[in-house]
Amino acid sequence: MGQEHRHRKDEAQSLSSPQKAIGTNSARGVPIVFRNVTKRFGSFTALDGFSMAIEEGEFLTILGESGSGKSTILNALAGFIPIDDGEISINGKAVHTLPPEQRGVGMVFQNYSLFPHMDVADNVAFPLRMRGVPKQEARKRGEEALGIVRLSGLGHRFPRELSGGQQQRVAVARAISFHPRVLLMDEPLGALDLKLREALQFEIKQIQRSLGCTVVYVTHDQREAMAMSDRIMVLRSGRIEQLGSSADLYDRPRTKFVADFIGQTNIVPAVRSGRQVVLDHLGLTITPPAIPEGVAPLFLNLRPEKLMAKRADGQEVEFPAQVQETVFLGDMISVSAVTPSGISIYFRQPRQAGFSLNPGDAIWLSFDPSDAVLVVDGSP
Ligand code: ADP
Ligand code: MG
């Protein structure tokens, strides 16, 4: 494996794109910078002075709801749509005025976008042919790319003769056949079922590791984002809501929007009182580790796994609730409960907790105030 890996890397180096639009000879990933990029569609401004920096070789995921501007960012980077203002650079070189094929960027689309009248080999060789690689050579390199996505020998098939997962692998092979230093993927697994999606998530990570390219990945699926990324950029209406590692976003969300979007959670209104916060809905006043500055409304973000259910009152930081519904998860039971004030609280309980919970049960829920993360409702 180690040797095969090295061999492939050497090959990648020796075969690096004949049309060296972007800088160096290295097969490593390259940094990407957006500086004050504005993109309008008619009177609608999709990106308004948008700036971000992606590190070389990084796997960065843009996570956002439909319409938040994810595809606009990728298409602007790939060169499929012109920008109205600002600068986009790849490896320190401004690229926003270059045509797509001179940016050294491979792209995979959600709907595969394979050419139906070409066989798989020609599909994969297409970007190479566009870059002036002779036919024989292009087919040879295409076959290598098919090997990387584990589709060796299927070059003679047509896209309609492949399953959805295989078609998407062909699309990945086509995007990497010319050894781009940047690989863009726009919801590439969106059309596939869960099992296949999870298998391909691993494969995409492996491909990135073997090619060493910078990946910008787009999804609206927060689980997928957390599973794959070095960093996640949460996008909201064309603006960065928060940028950080999966653990940063899960453990230290800054806004209600991010807390809500990443993983399951409980959001409870909170009111500042000096160094404490008052949680009216829970009948509690606690001292959290930190309280955000400013006047934006505050909320307690309390992850379900931070709550412990008990039968009776006892500790300091506890509040009463009534069990509504329980859901069997295998190792855990997921429980929804409601407070006397009427808000829903979710928590999980190990199956071996010593007692079972049933709808209607009166319980007490406790948590450690040092796990209390306060978030704001508003822009960061
Ligand atoms: P996402 O990929 O996050 O779903 P998009 O980047 O496709 O979002 O779109 C961002 C916003 O820009 C949306 O409000 C969308 O309606 C608008 N938009 C995108 N492309 C066009 C276009 N060609 N013409 C008009 N509006 C567009
Ligand atoms: Mg999109």
# chains A, B, ... in the order shown; residues from 1 in each chain; ligands from 1

call {"tool": "residues_near_ligand", "arguments": {"ligand": "ligand 2", "cutoff": "9 Å", "atoms": "only C-alpha atoms and all ligand atoms", "output": "NGL selection string"}}
result
:A and (65-72 or 74 or 110 or 186-187 or 218-220)

call {"tool": "write_last_selection", "arguments": {"atoms": "C-alpha atoms", "output": "PDB file, in the first residue's frame"}}
result
ATOM      1  CA  GLU A  65     -29.276  25.485   3.369  1.00  0.00           C
ATOM      2  CA  SER A  66     -30.591  25.455  -0.162  1.00  0.00           C
ATOM      3  CA  GLY A  67     -30.170  28.912  -1.707  1.00  0.00           C
ATOM      4  CA  SER A  68     -27.447  30.060   0.703  1.00  0.00           C
ATOM      5  CA  GLY A  69     -24.912  30.521  -2.120  1.00  0.00           C
ATOM      6  CA  LYS A  70     -22.859  27.305  -1.995  1.00  0.00           C
ATOM      7  CA  SER A  71     -22.986  26.562  -5.726  1.00  0.00           C
ATOM      8  CA  THR A  72     -22.381  30.214  -6.549  1.00  0.00           C
ATOM      9  CA  LEU A  74     -17.978  26.846  -6.410  1.00  0.00           C
ATOM     10  CA  GLN A 110     -24.599  16.612  -8.114  1.00  0.00           C
ATOM     11  CA  ASP A 186     -21.081  20.213  -5.423  1.00  0.00           C
ATOM     12  CA  GLU A 187     -23.350  17.917  -3.398  1.00  0.00           C
ATOM     13  CA  VAL A 218     -20.484  21.402  -0.811  1.00  0.00           C
ATOM     14  CA  THR A 219     -23.294  19.769   1.099  1.00  0.00           C
ATOM     15  CA  HIS A 220     -26.455  20.636   3.018  1.00  0.00           C
TER      16      HIS A 220
END

call {"tool": "select_by_dssp", "arguments": {"residues": "range 197-354 of chain A", "states": "strand (DSSP E or B)", "output": "PDB file with N, CA and C atoms, in the first residue's frame"}}
result
ATOM      1  N   THR A 214      -6.314  20.128  -2.855  1.00  0.00           N
ATOM      2  CA  THR A 214      -7.218  20.899  -2.009  1.00  0.00           C
ATOM      3  C   THR A 214      -8.646  20.577  -2.445  1.00  0.00           C
ATOM      4  N   VAL A 215      -9.521  20.254  -1.490  1.00  0.00           N
ATOM      5  CA  VAL A 215     -10.904  19.934  -1.843  1.00  0.00           C
ATOM      6  C   VAL A 215     -11.849  20.968  -1.240  1.00  0.00           C
ATOM      7  N   VAL A 216     -12.727  21.508  -2.076  1.00  0.00           N
ATOM      8  CA  VAL A 216     -13.831  22.315  -1.569  1.00  0.00           C
ATOM      9  C   VAL A 216     -15.098  21.539  -1.874  1.00  0.00           C
ATOM     10  N   TYR A 217     -15.781  21.140  -0.820  1.00  0.00           N
ATOM     11  CA  TYR A 217     -16.890  20.197  -0.900  1.00  0.00           C
ATOM     12  C   TYR A 217     -18.150  20.913  -0.448  1.00  0.00           C
ATOM     13  N   VAL A 218     -19.233  20.733  -1.168  1.00  0.00           N
ATOM     14  CA  VAL A 218     -20.484  21.402  -0.811  1.00  0.00           C
ATOM     15  C   VAL A 218     -21.536  20.373  -0.412  1.00  0.00           C
ATOM     16  N   THR A 219     -22.190  20.630   0.696  1.00  0.00           N
ATOM     17  CA  THR A 219     -23.294  19.769   1.099  1.00  0.00           C
ATOM     18  C   THR A 219     -24.278  20.558   1.958  1.00  0.00           C
ATOM     19  N   ARG A 231     -12.124  21.452   7.877  1.00  0.00           N
ATOM     20  CA  ARG A 231     -12.885  22.580   8.418  1.00  0.00           C
ATOM     21  C   ARG A 231     -14.216  22.678   7.686  1.00  0.00           C
ATOM     22  N   ILE A 232     -15.186  23.249   8.379  1.00  0.00           N
ATOM     23  CA  ILE A 232     -16.516  23.454   7.813  1.00  0.00           C
ATOM     24  C   ILE A 232     -16.814  24.947   7.833  1.00  0.00           C
ATOM     25  N   MET A 233     -17.325  25.444   6.716  1.00  0.00           N
ATOM     26  CA  MET A 233     -17.767  26.833   6.660  1.00  0.00           C
ATOM     27  C   MET A 233     -19.294  26.812   6.621  1.00  0.00           C
ATOM     28  N   VAL A 234     -19.919  27.326   7.661  1.00  0.00           N
ATOM     29  CA  VAL A 234     -21.376  27.387   7.658  1.00  0.00           C
ATOM     30  C   VAL A 234     -21.789  28.678   6.953  1.00  0.00           C
ATOM     31  N   LEU A 235     -22.523  28.506   5.872  1.00  0.00           N
ATOM     32  CA  LEU A 235     -22.899  29.639   5.028  1.00  0.00           C
ATOM     33  C   LEU A 235     -24.381  29.954   5.264  1.00  0.00           C
ATOM     34  N   ARG A 236     -24.675  31.252   5.399  1.00  0.00           N
ATOM     35  CA  ARG A 236     -26.066  31.668   5.605  1.00  0.00           C
ATOM     36  C   ARG A 236     -26.295  32.923   4.787  1.00  0.00           C
ATOM     37  N   ARG A 239     -23.265  34.664   3.501  1.00  0.00           N
ATOM     38  CA  ARG A 239     -22.275  35.122   4.476  1.00  0.00           C
ATOM     39  C   ARG A 239     -21.789  33.966   5.325  1.00  0.00           C
ATOM     40  N   ILE A 240     -20.530  34.070   5.801  1.00  0.00           N
ATOM     41  CA  ILE A 240     -19.980  33.018   6.656  1.00  0.00           C
ATOM     42  C   ILE A 240     -20.516  33.204   8.063  1.00  0.00           C
ATOM     43  N   GLU A 241     -21.270  32.228   8.522  1.00  0.00           N
ATOM     44  CA  GLU A 241     -21.817  32.301   9.878  1.00  0.00           C
ATOM     45  C   GLU A 241     -20.746  31.858  10.883  1.00  0.00           C
ATOM     46  N   GLN A 242     -20.038  30.778  10.554  1.00  0.00           N
ATOM     47  CA  GLN A 242     -18.919  30.332  11.388  1.00  0.00           C
ATOM     48  C   GLN A 242     -18.048  29.389  10.577  1.00  0.00           C
ATOM     49  N   LEU A 243     -16.744  29.452  10.835  1.00  0.00           N
ATOM     50  CA  LEU A 243     -15.778  28.611  10.124  1.00  0.00           C
ATOM     51  C   LEU A 243     -14.896  27.936  11.152  1.00  0.00           C
ATOM     52  N   GLY A 244     -14.846  26.604  11.126  1.00  0.00           N
ATOM     53  CA  GLY A 244     -14.014  25.915  12.104  1.00  0.00           C
ATOM     54  C   GLY A 244     -14.035  24.414  11.877  1.00  0.00           C
ATOM     55  N   THR A 255     -23.444  30.956  17.307  1.00  0.00           N
ATOM     56  CA  THR A 255     -24.799  31.460  17.120  1.00  0.00           C
ATOM     57  C   THR A 255     -25.822  30.326  17.255  1.00  0.00           C
ATOM     58  N   ASN A 266     -30.613  21.179  22.227  1.00  0.00           N
ATOM     59  CA  ASN A 266     -31.681  21.895  22.906  1.00  0.00           C
ATOM     60  C   ASN A 266     -31.293  23.354  23.005  1.00  0.00           C
ATOM     61  N   ILE A 267     -32.180  24.236  22.599  1.00  0.00           N
ATOM     62  CA  ILE A 267     -31.923  25.669  22.643  1.00  0.00           C
ATOM     63  C   ILE A 267     -32.917  26.279  23.632  1.00  0.00           C
ATOM     64  N   VAL A 268     -32.396  26.843  24.696  1.00  0.00           N
ATOM     65  CA  VAL A 268     -33.268  27.359  25.761  1.00  0.00           C
ATOM     66  C   VAL A 268     -32.989  28.850  25.947  1.00  0.00           C
ATOM     67  N   PRO A 269     -34.013  29.704  25.877  1.00  0.00           N
ATOM     68  CA  PRO A 269     -33.786  31.140  26.073  1.00  0.00           C
ATOM     69  C   PRO A 269     -33.088  31.412  27.413  1.00  0.00           C
ATOM     70  N   ALA A 270     -32.146  32.360  27.402  1.00  0.00           N
ATOM     71  CA  ALA A 270     -31.376  32.681  28.608  1.00  0.00           C
ATOM     72  C   ALA A 270     -31.294  34.192  28.746  1.00  0.00           C
ATOM     73  N   VAL A 271     -31.216  34.668  29.995  1.00  0.00           N
ATOM     74  CA  VAL A 271     -31.083  36.108  30.228  1.00  0.00           C
ATOM     75  C   VAL A 271     -29.870  36.337  31.113  1.00  0.00           C
ATOM     76  N   ARG A 272     -29.007  37.235  30.671  1.00  0.00           N
ATOM     77  CA  ARG A 272     -27.801  37.530  31.424  1.00  0.00           C
ATOM     78  C   ARG A 272     -28.131  38.234  32.740  1.00  0.00           C
ATOM     79  N   SER A 273     -27.416  37.814  33.770  1.00  0.00           N
ATOM     80  CA  SER A 273     -27.528  38.481  35.056  1.00  0.00           C
ATOM     81  C   SER A 273     -26.135  38.501  35.666  1.00  0.00           C
ATOM     82  N   GLN A 276     -23.878  35.348  35.623  1.00  0.00           N
ATOM     83  CA  GLN A 276     -24.780  34.201  35.572  1.00  0.00           C
ATOM     84  C   GLN A 276     -25.805  34.370  34.457  1.00  0.00           C
ATOM     85  N   VAL A 277     -26.508  33.291  34.137  1.00  0.00           N
ATOM     86  CA  VAL A 277     -27.650  33.419  33.242  1.00  0.00           C
ATOM     87  C   VAL A 277     -28.871  32.764  33.883  1.00  0.00           C
ATOM     88  N   VAL A 278     -30.003  33.410  33.667  1.00  0.00           N
ATOM     89  CA  VAL A 278     -31.269  32.919  34.207  1.00  0.00           C
ATOM     90  C   VAL A 278     -31.982  32.149  33.102  1.00  0.00           C
ATOM     91  N   LEU A 279     -32.366  30.903  33.448  1.00  0.00           N
ATOM     92  CA  LEU A 279     -33.071  30.042  32.493  1.00  0.00           C
ATOM     93  C   LEU A 279     -34.493  29.848  33.002  1.00  0.00           C
ATOM     94  N   LEU A 284     -33.991  27.681  36.527  1.00  0.00           N
ATOM     95  CA  LEU A 284     -32.602  27.600  37.000  1.00  0.00           C
ATOM     96  C   LEU A 284     -31.846  28.886  36.746  1.00  0.00           C
ATOM     97  N   THR A 285     -30.867  29.166  37.597  1.00  0.00           N
ATOM     98  CA  THR A 285     -29.867  30.185  37.329  1.00  0.00           C
ATOM     99  C   THR A 285     -28.514  29.494  37.420  1.00  0.00           C
ATOM    100  N   ILE A 286     -27.702  29.609  36.367  1.00  0.00           N
ATOM    101  CA  ILE A 286     -26.419  28.894  36.366  1.00  0.00           C
ATOM    102  C   ILE A 286     -25.274  29.848  36.072  1.00  0.00           C
ATOM    103  N   LEU A 298     -29.750  35.913  24.053  1.00  0.00           N
ATOM    104  CA  LEU A 298     -28.911  34.772  24.446  1.00  0.00           C
ATOM    105  C   LEU A 298     -29.734  33.497  24.539  1.00  0.00           C
ATOM    106  N   PHE A 299     -29.060  32.377  24.242  1.00  0.00           N
ATOM    107  CA  PHE A 299     -29.687  31.069  24.378  1.00  0.00           C
ATOM    108  C   PHE A 299     -28.682  30.097  24.960  1.00  0.00           C
ATOM    109  N   LEU A 300     -29.194  29.170  25.771  1.00  0.00           N
ATOM    110  CA  LEU A 300     -28.368  28.063  26.226  1.00  0.00           C
ATOM    111  C   LEU A 300     -28.440  26.968  25.173  1.00  0.00           C
ATOM    112  N   ASN A 301     -27.270  26.464  24.755  1.00  0.00           N
ATOM    113  CA  ASN A 301     -27.202  25.340  23.821  1.00  0.00           C
ATOM    114  C   ASN A 301     -26.773  24.124  24.623  1.00  0.00           C
ATOM    115  N   LEU A 302     -27.670  23.175  24.758  1.00  0.00           N
ATOM    116  CA  LEU A 302     -27.403  22.025  25.626  1.00  0.00           C
ATOM    117  C   LEU A 302     -27.579  20.746  24.809  1.00  0.00           C
ATOM    118  N   MET A 308     -28.627  14.164  32.001  1.00  0.00           N
ATOM    119  CA  MET A 308     -28.786  12.897  32.714  1.00  0.00           C
ATOM    120  C   MET A 308     -30.170  12.866  33.323  1.00  0.00           C
ATOM    121  N   ALA A 309     -30.869  11.761  33.106  1.00  0.00           N
ATOM    122  CA  ALA A 309     -32.208  11.641  33.684  1.00  0.00           C
ATOM    123  C   ALA A 309     -32.157  10.926  35.021  1.00  0.00           C
ATOM    124  N   LYS A 310     -32.984  11.397  35.966  1.00  0.00           N
ATOM    125  CA  LYS A 310     -33.078  10.744  37.258  1.00  0.00           C
ATOM    126  C   LYS A 310     -34.541  10.721  37.686  1.00  0.00           C
ATOM    127  N   GLU A 318     -30.700  20.979  38.303  1.00  0.00           N
ATOM    128  CA  GLU A 318     -31.672  20.013  37.816  1.00  0.00           C
ATOM    129  C   GLU A 318     -32.972  20.719  37.520  1.00  0.00           C
ATOM    130  N   PHE A 319     -33.693  20.160  36.590  1.00  0.00           N
ATOM    131  CA  PHE A 319     -35.030  20.705  36.333  1.00  0.00           C
ATOM    132  C   PHE A 319     -36.007  19.557  36.051  1.00  0.00           C
ATOM    133  N   PRO A 320     -37.280  19.765  36.370  1.00  0.00           N
ATOM    134  CA  PRO A 320     -38.261  18.702  36.181  1.00  0.00           C
ATOM    135  C   PRO A 320     -38.757  18.653  34.734  1.00  0.00           C
ATOM    136  N   ALA A 321     -39.168  17.469  34.301  1.00  0.00           N
ATOM    137  CA  ALA A 321     -39.734  17.308  32.966  1.00  0.00           C
ATOM    138  C   ALA A 321     -40.586  16.046  32.946  1.00  0.00           C
ATOM    139  N   GLN A 322     -41.374  15.917  31.891  1.00  0.00           N
ATOM    140  CA  GLN A 322     -42.187  14.720  31.739  1.00  0.00           C
ATOM    141  C   GLN A 322     -41.847  14.051  30.408  1.00  0.00           C
ATOM    142  N   VAL A 323     -41.616  12.753  30.453  1.00  0.00           N
ATOM    143  CA  VAL A 323     -41.250  12.016  29.235  1.00  0.00           C
ATOM    144  C   VAL A 323     -42.419  12.020  28.262  1.00  0.00           C
ATOM    145  N   GLN A 324     -42.132  12.305  26.998  1.00  0.00           N
ATOM    146  CA  GLN A 324     -43.179  12.263  25.981  1.00  0.00           C
ATOM    147  C   GLN A 324     -43.069  11.033  25.098  1.00  0.00           C
ATOM    148  N   GLU A 325     -41.855  10.791  24.597  1.00  0.00           N
ATOM    149  CA  GLU A 325     -41.664   9.744  23.595  1.00  0.00           C
ATOM    150  C   GLU A 325     -40.285   9.148  23.769  1.00  0.00           C
ATOM    151  N   THR A 326     -40.145   7.843  23.551  1.00  0.00           N
ATOM    152  CA  THR A 326     -38.815   7.241  23.564  1.00  0.00           C
ATOM    153  C   THR A 326     -38.592   6.515  22.234  1.00  0.00           C
ATOM    154  N   VAL A 327     -37.369   6.590  21.746  1.00  0.00           N
ATOM    155  CA  VAL A 327     -37.017   5.956  20.465  1.00  0.00           C
ATOM    156  C   VAL A 327     -35.789   5.078  20.666  1.00  0.00           C
ATOM    157  N   PHE A 328     -35.908   3.811  20.263  1.00  0.00           N
ATOM    158  CA  PHE A 328     -34.818   2.843  20.407  1.00  0.00           C
ATOM    159  C   PHE A 328     -33.748   3.090  19.357  1.00  0.00           C
ATOM    160  N   MET A 332     -28.412   3.221  22.546  1.00  0.00           N
ATOM    161  CA  MET A 332     -28.996   4.304  23.339  1.00  0.00           C
ATOM    162  C   MET A 332     -30.510   4.367  23.112  1.00  0.00           C
ATOM    163  N   ILE A 333     -31.169   5.007  24.065  1.00  0.00           N
ATOM    164  CA  ILE A 333     -32.575   5.362  23.890  1.00  0.00           C
ATOM    165  C   ILE A 333     -32.612   6.879  23.724  1.00  0.00           C
ATOM    166  N   SER A 334     -33.274   7.347  22.690  1.00  0.00           N
ATOM    167  CA  SER A 334     -33.442   8.778  22.509  1.00  0.00           C
ATOM    168  C   SER A 334     -34.791   9.166  23.113  1.00  0.00           C
ATOM    169  N   VAL A 335     -34.793  10.195  23.939  1.00  0.00           N
ATOM    170  CA  VAL A 335     -35.995  10.541  24.684  1.00  0.00           C
ATOM    171  C   VAL A 335     -36.370  11.992  24.425  1.00  0.00           C
ATOM    172  N   SER A 336     -37.664  12.248  24.192  1.00  0.00           N
ATOM    173  CA  SER A 336     -38.120  13.630  24.205  1.00  0.00           C
ATOM    174  C   SER A 336     -38.982  13.826  25.438  1.00  0.00           C
ATOM    175  N   ALA A 337     -38.757  14.964  26.088  1.00  0.00           N
ATOM    176  CA  ALA A 337     -39.511  15.285  27.295  1.00  0.00           C
ATOM    177  C   ALA A 337     -39.998  16.721  27.170  1.00  0.00           C
ATOM    178  N   VAL A 338     -40.893  17.115  28.094  1.00  0.00           N
ATOM    179  CA  VAL A 338     -41.383  18.489  28.047  1.00  0.00           C
ATOM    180  C   VAL A 338     -41.293  19.090  29.442  1.00  0.00           C
ATOM    181  N   SER A 344     -39.799  21.573  24.634  1.00  0.00           N
ATOM    182  CA  SER A 344     -39.327  20.198  24.444  1.00  0.00           C
ATOM    183  C   SER A 344     -37.839  20.114  24.731  1.00  0.00           C
ATOM    184  N   ILE A 345     -37.437  19.035  25.366  1.00  0.00           N
ATOM    185  CA  ILE A 345     -36.027  18.784  25.654  1.00  0.00           C
ATOM    186  C   ILE A 345     -35.702  17.371  25.172  1.00  0.00           C
ATOM    187  N   TYR A 346     -34.628  17.255  24.411  1.00  0.00           N
ATOM    188  CA  TYR A 346     -34.197  15.938  23.933  1.00  0.00           C
ATOM    189  C   TYR A 346     -32.973  15.495  24.706  1.00  0.00           C
ATOM    190  N   PHE A 347     -32.922  14.224  25.021  1.00  0.00           N
ATOM    191  CA  PHE A 347     -31.708  13.682  25.615  1.00  0.00           C
ATOM    192  C   PHE A 347     -31.588  12.211  25.251  1.00  0.00           C
ATOM    193  N   ARG A 348     -30.420  11.644  25.543  1.00  0.00           N
ATOM    194  CA  ARG A 348     -30.184  10.230  25.257  1.00  0.00           C
ATOM    195  C   ARG A 348     -29.814   9.532  26.536  1.00  0.00           C
ATOM    196  N   GLN A 349     -30.202   8.294  26.595  1.00  0.00           N
ATOM    197  CA  GLN A 349     -29.938   7.537  27.801  1.00  0.00           C
ATOM    198  C   GLN A 349     -29.374   6.187  27.395  1.00  0.00           C
ATOM    199  N   PRO A 350     -28.257   5.752  28.014  1.00  0.00           N
ATOM    200  CA  PRO A 350     -27.741   4.412  27.689  1.00  0.00           C
ATOM    201  C   PRO A 350     -28.803   3.372  28.012  1.00  0.00           C
TER     202      PRO A 350
END

call {"tool": "select_by_dssp", "arguments": {"residues": "range 140-326 of chain A", "states": "alpha helix (DSSP H)", "output": "number ranges by chain"}}
result
A: 140-148, 164-176, 194-211, 222-228, 246-251, 256-261

call {"tool": "write_last_selection", "arguments": {"atoms": "C-alpha atoms", "output": "compact mmCIF listing (two decimals), in the first residue's frame"}}
result
# COMPACT_ATOMS: atom_id res chain seq x y z
CA LYS A 140 -4.10 5.80 -20.69
CA ARG A 141 -4.37 8.48 -18.03
CA GLY A 142 -8.14 8.09 -18.03
CA GLU A 143 -7.71 4.39 -17.30
CA GLU A 144 -5.49 5.32 -14.33
CA ALA A 145 -8.16 7.65 -12.99
CA LEU A 146 -10.74 4.85 -13.36
CA GLY A 147 -8.41 2.65 -11.33
CA ILE A 148 -8.34 5.24 -8.54
CA GLY A 164 -25.89 5.86 -9.83
CA GLY A 165 -22.93 5.20 -7.56
CA GLN A 166 -20.79 4.04 -10.50
CA GLN A 167 -21.78 7.09 -12.54
CA GLN A 168 -20.73 9.35 -9.72
CA ARG A 169 -17.39 7.51 -9.51
CA VAL A 170 -16.92 8.15 -13.22
CA ALA A 171 -17.63 11.82 -12.59
CA VAL A 172 -14.94 11.82 -9.89
CA ALA A 173 -12.50 10.07 -12.26
CA ARG A 174 -13.22 12.68 -14.92
CA ALA A 175 -12.59 15.48 -12.43
CA ILE A 176 -9.22 14.07 -11.33
CA LEU A 194 -27.41 6.38 2.65
CA LYS A 195 -25.24 3.23 2.54
CA LEU A 196 -23.63 4.14 -0.76
CA ARG A 197 -23.18 7.71 0.40
CA GLU A 198 -21.26 6.59 3.47
CA ALA A 199 -19.06 4.24 1.43
CA LEU A 200 -18.27 7.00 -1.08
CA GLN A 201 -17.49 9.47 1.72
CA PHE A 202 -14.60 7.21 2.71
CA GLU A 203 -13.48 6.79 -0.88
CA ILE A 204 -13.47 10.52 -1.51
CA LYS A 205 -11.34 11.05 1.60
CA GLN A 206 -8.91 8.36 0.39
CA ILE A 207 -8.73 9.88 -3.07
CA GLN A 208 -7.94 13.26 -1.59
CA ARG A 209 -5.22 11.73 0.56
CA SER A 210 -3.60 9.94 -2.38
CA LEU A 211 -3.79 12.97 -4.70
CA GLN A 222 -24.33 18.39 8.43
CA ARG A 223 -23.44 14.77 9.20
CA GLU A 224 -21.61 14.44 5.92
CA ALA A 225 -19.81 17.73 6.58
CA MET A 226 -18.70 16.60 10.05
CA ALA A 227 -17.57 13.20 8.80
CA MET A 228 -15.37 14.45 5.96
CA SER A 246 -16.24 19.81 13.19
CA ALA A 247 -15.48 19.83 16.93
CA ASP A 248 -15.35 23.65 17.01
CA LEU A 249 -18.79 23.92 15.48
CA TYR A 250 -20.31 21.14 17.55
CA ASP A 251 -18.79 22.10 20.91
CA LYS A 256 -28.18 29.82 17.60
CA PHE A 257 -28.22 29.12 13.87
CA VAL A 258 -24.98 27.08 13.97
CA ALA A 259 -25.95 25.30 17.21
CA ASP A 260 -29.25 24.30 15.63
CA PHE A 261 -27.80 23.34 12.26

call {"tool": "closest_residue", "arguments": {"among": "A:Asp361, A:Asp377, A:Asp122, A:Asp221", "to": "ligand 1", "atoms": "only C-alpha atoms and all ligand atoms"}}
result
A:Asp221

call {"tool": "residues_around", "arguments": {"residues": "range 89-105 of chain A", "least_positions_apart": "4", "cutoff": "6 Å", "atoms": "only C-alpha atoms", "output": "PyMOL selection string"}}
result
chain A and resi 21+30-33+78-79+180+182-183

call {"tool": "write_last_selection", "arguments": {"atoms": "N, CA, C and O atoms", "output": "compact mmCIF listing (two decimals), in the first residue's frame"}}
result
# COMPACT_ATOMS: atom_id res chain seq x y z
N ALA A 21 -1.37 26.03 -16.02
CA ALA A 21 -1.93 27.35 -15.80
C ALA A 21 -1.52 27.89 -14.44
O ALA A 21 -1.28 29.06 -14.27
N VAL A 30 -3.16 23.42 -3.32
CA VAL A 30 -2.75 24.82 -3.34
C VAL A 30 -3.77 25.66 -2.56
O VAL A 30 -4.93 25.28 -2.45
N PRO A 31 -3.33 26.80 -2.01
CA PRO A 31 -4.26 27.66 -1.27
C PRO A 31 -5.20 28.43 -2.22
O PRO A 31 -4.85 28.70 -3.37
N ILE A 32 -6.36 28.77 -1.69
CA ILE A 32 -7.38 29.50 -2.45
C ILE A 32 -7.83 30.70 -1.62
O ILE A 32 -8.05 30.56 -0.42
N VAL A 33 -7.94 31.86 -2.26
CA VAL A 33 -8.39 33.05 -1.52
C VAL A 33 -9.50 33.75 -2.31
O VAL A 33 -9.38 33.98 -3.51
N ALA A 78 -14.62 27.84 -10.06
CA ALA A 78 -14.30 27.00 -11.23
C ALA A 78 -14.29 27.82 -12.52
O ALA A 78 -13.71 27.40 -13.51
N GLY A 79 -14.94 28.99 -12.51
CA GLY A 79 -14.96 29.82 -13.70
C GLY A 79 -16.21 29.65 -14.55
O GLY A 79 -16.24 30.11 -15.69
N PRO A 180 -5.79 17.76 -11.14
CA PRO A 180 -5.97 19.13 -10.68
C PRO A 180 -5.44 19.29 -9.26
O PRO A 180 -5.41 18.32 -8.50
N VAL A 182 -6.84 21.43 -7.36
CA VAL A 182 -8.06 21.81 -6.63
C VAL A 182 -9.21 20.95 -7.16
O VAL A 182 -9.41 20.86 -8.37
N LEU A 183 -9.93 20.32 -6.24
CA LEU A 183 -11.08 19.50 -6.62
C LEU A 183 -12.32 20.08 -5.95
O LEU A 183 -12.36 20.23 -4.73

call {"tool": "closest_residue", "arguments": {"among": "A:Ser237, A:Val120, A:Phe59, A:Arg157", "to": "Ala46 in chain A", "atoms": "only C-alpha atoms"}}
result
A:Ser237

call {"tool": "atom_distance", "arguments": {"atom1": "CA of Asp371 in chain A", "atom2": "CA of Pro289 in chain A"}}
result
7.9 Å

call {"tool": "atom_distance", "arguments": {"atom1": "CA of Ser341 in chain A", "atom2": "CA of Glu305 in chain A"}}
result
21.8 Å

call {"tool": "closest_residue", "arguments": {"among": "A:Ala191, A:Gly29, A:Ser163, A:Gly238", "to": "ligand 1", "atoms": "only C-alpha atoms and all ligand atoms"}}
result
A:Gly238

call {"tool": "atom_distance", "arguments": {"atom1": "CA of Thr287 in chain A", "atom2": "CA of Lys306 in chain A"}}
result
16.0 Å

call {"tool": "residues_around", "arguments": {"residues": "Ser370 in chain A", "least_positions_apart": "2", "cutoff": "7 Å", "atoms": "only C-alpha atoms", "output": "count of residues only"}}
result
4
